[in-house]
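First comes the structure, then the notes that go with it.
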Amino acid sequence: MRLVGPSGEQVGIVPLAKALELAQEYDLDLVEVAANARPPVCKLMDYGKFKYESAMKAREARKNQAHTVIKEMKLRPKIDPHDYDTKKGHVVRFLKQGDKVKITIMFRGREQSRPELGYRLLQRLAEDVQDLGFVESNPKQDGRNMIMVLGPHKKKTEAMAEARQAQEARKAEAKANPGKSQNAADPDAVNAEVHDEAPAEAPAEA
């Protein structure tokens with residue numbers, strides 16, 4: 001067999017007995033790493049440590065793996081302003097997470113004769129979220145529906161990394177300031193509450 005030393009150095013072609021003797025001398029395992037090679041290649045290593053490091057690398061790779069996800073948001077051509085703001089908020093959240101968003105305008109009855117209403121609504125939404133996403137697939141009619149696909153500017157892996165960093169920062173802050181309430185510790189939570197309440201007050205002012 002062709003033997004590779006513990007540091008990756010080439011020991012050379014040695015008989016099995018010699019390889020086992022060296023493994024015992026170094027207090028390591030003799031592991032076959034290329035069975036189909038001629039002669040087969042074996043390496044002196046700590047097999048338990050090797051398996052652990054391989055498992056950790058695989059786990060990290062799965063953790064950072066990004067799956068392409070397409071979310072869907074359905075709207076009506078004559079959507080209420082408050083409903084529009086709510087649905088736009090969902091689209092913003094999806095794009096921030098690095099996901100694509102399929103926007104579907106659903107036409108009913110006489111609305112089917114006014115496709116320009118759906119087209120204008122899609123254009124408006126695309127303009128409202130242009131800082132976070134772009135039109136990947138232009139609006140097109142599909143039976144009673146009109147469909148547009150928005151793609152995020154931010155890659156999924158980047159969004160995942162930022163989300164983990166933000167989560168770790170919140171945990172660190174909560175640990176450092178256990179007496180603070182969640183809303184006080186998380187400015188985004190306060191902003192979200194204000195944002196949710198604002199549209200509800202709008203009709204009263206009107």
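Starting from 1 in every chain, residues are counted up; chains themselves are A, B, ... following the order of the structure tokens, and ligands are numbered from 1 as listed.
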- Tell me, as a ChimeraX atom specification, which residues lie within 12 Å of Gly109 of chain A, counting only C-alpha atoms; anything in the same chain fewer than 2 positions away does not count. /A:76-77,106-107,111-115,144-145
Output the selection as a PDB file, in the first residue's frame - N, CA and C atoms for each residue.
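Just written: again_35.pdb:
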```pdb
ATOM      1  N   ARG A  76     -56.192  41.865  -4.702  1.00  0.00           N
ATOM      2  CA  ARG A  76     -57.309  42.167  -5.581  1.00  0.00           C
ATOM      3  C   ARG A  76     -57.037  43.511  -6.260  1.00  0.00           C
ATOM      4  N   PRO A  77     -57.555  43.722  -7.466  1.00  0.00           N
ATOM      5  CA  PRO A  77     -57.296  44.989  -8.176  1.00  0.00           C
ATOM      6  C   PRO A  77     -57.735  46.224  -7.392  1.00  0.00           C
ATOM      7  N   MET A 106     -55.792  38.878  -8.524  1.00  0.00           N
ATOM      8  CA  MET A 106     -56.936  38.033  -8.856  1.00  0.00           C
ATOM      9  C   MET A 106     -58.106  38.890  -9.346  1.00  0.00           C
ATOM     10  N   PHE A 107     -58.537  38.634 -10.565  1.00  0.00           N
ATOM     11  CA  PHE A 107     -59.655  39.371 -11.162  1.00  0.00           C
ATOM     12  C   PHE A 107     -60.930  38.543 -11.022  1.00  0.00           C
ATOM     13  N   GLU A 111     -64.077  42.762 -13.355  1.00  0.00           N
ATOM     14  CA  GLU A 111     -62.692  43.207 -13.205  1.00  0.00           C
ATOM     15  C   GLU A 111     -61.806  42.651 -14.317  1.00  0.00           C
ATOM     16  N   GLN A 112     -62.215  41.532 -14.916  1.00  0.00           N
ATOM     17  CA  GLN A 112     -61.409  40.917 -15.954  1.00  0.00           C
ATOM     18  C   GLN A 112     -61.298  41.800 -17.194  1.00  0.00           C
ATOM     19  N   SER A 113     -62.235  42.715 -17.354  1.00  0.00           N
ATOM     20  CA  SER A 113     -62.179  43.632 -18.504  1.00  0.00           C
ATOM     21  C   SER A 113     -61.313  44.848 -18.222  1.00  0.00           C
ATOM     22  N   ARG A 114     -60.727  44.916 -16.996  1.00  0.00           N
ATOM     23  CA  ARG A 114     -59.880  46.063 -16.629  1.00  0.00           C
ATOM     24  C   ARG A 114     -58.495  45.591 -16.184  1.00  0.00           C
ATOM     25  N   PRO A 115     -57.743  44.929 -17.077  1.00  0.00           N
ATOM     26  CA  PRO A 115     -56.417  44.420 -16.669  1.00  0.00           C
ATOM     27  C   PRO A 115     -55.449  45.530 -16.290  1.00  0.00           C
ATOM     28  N   ARG A 144     -57.479  34.234 -15.290  1.00  0.00           N
ATOM     29  CA  ARG A 144     -58.123  35.310 -14.550  1.00  0.00           C
ATOM     30  C   ARG A 144     -57.152  36.081 -13.663  1.00  0.00           C
ATOM     31  N   ASN A 145     -55.916  35.677 -13.657  1.00  0.00           N
ATOM     32  CA  ASN A 145     -54.919  36.302 -12.785  1.00  0.00           C
ATOM     33  C   ASN A 145     -53.847  37.026 -13.593  1.00  0.00           C
TER      34      ASN A 145
END
```
- Pull the helix (DSSP H, G or I) assignments for chain A out of DSSP run on the backbone, and list those residues as a PyMOL selection string. chain A and resi 16-26+47-64+81-96+109-113+115-128+156-176+182-185+187-205
- Please provide the set of residues having any atom within 8 Å of Val149 of chain A, restricted to only C-alpha atoms, with same-chain residues fewer than 5 positions apart removed, written as an MDAnalysis selection string. chainID A and resid 100:103 135:139
- Message: If we count only C-alpha atoms and set the cut-off at 10 Å, which residues sit around segment 8-17 of chain A, ignoring sequence neighbours fewer than 2 positions away in its own chain? Please answer as a PyMOL selection string.
- Response: chain A and resi 1-6+19-23+30+39-45
- Pairwise distance, atom CA of Gly48 of chain A with atom CA of Asp29 of chain A, equals 9.0 Å
- So which residues touch Asp131 of chain A within 12 Å, counting only C-alpha atoms, skipping near sequence neighbours fewer than 3 positions away, as a ChimeraX atom specification? /A:92,95-96,125-128,134-135,150-154
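Atom CA of Val129 of chain A to atom CA of Gln141 of chain A spans 21.7 Å [interatomic distance, one decimal].
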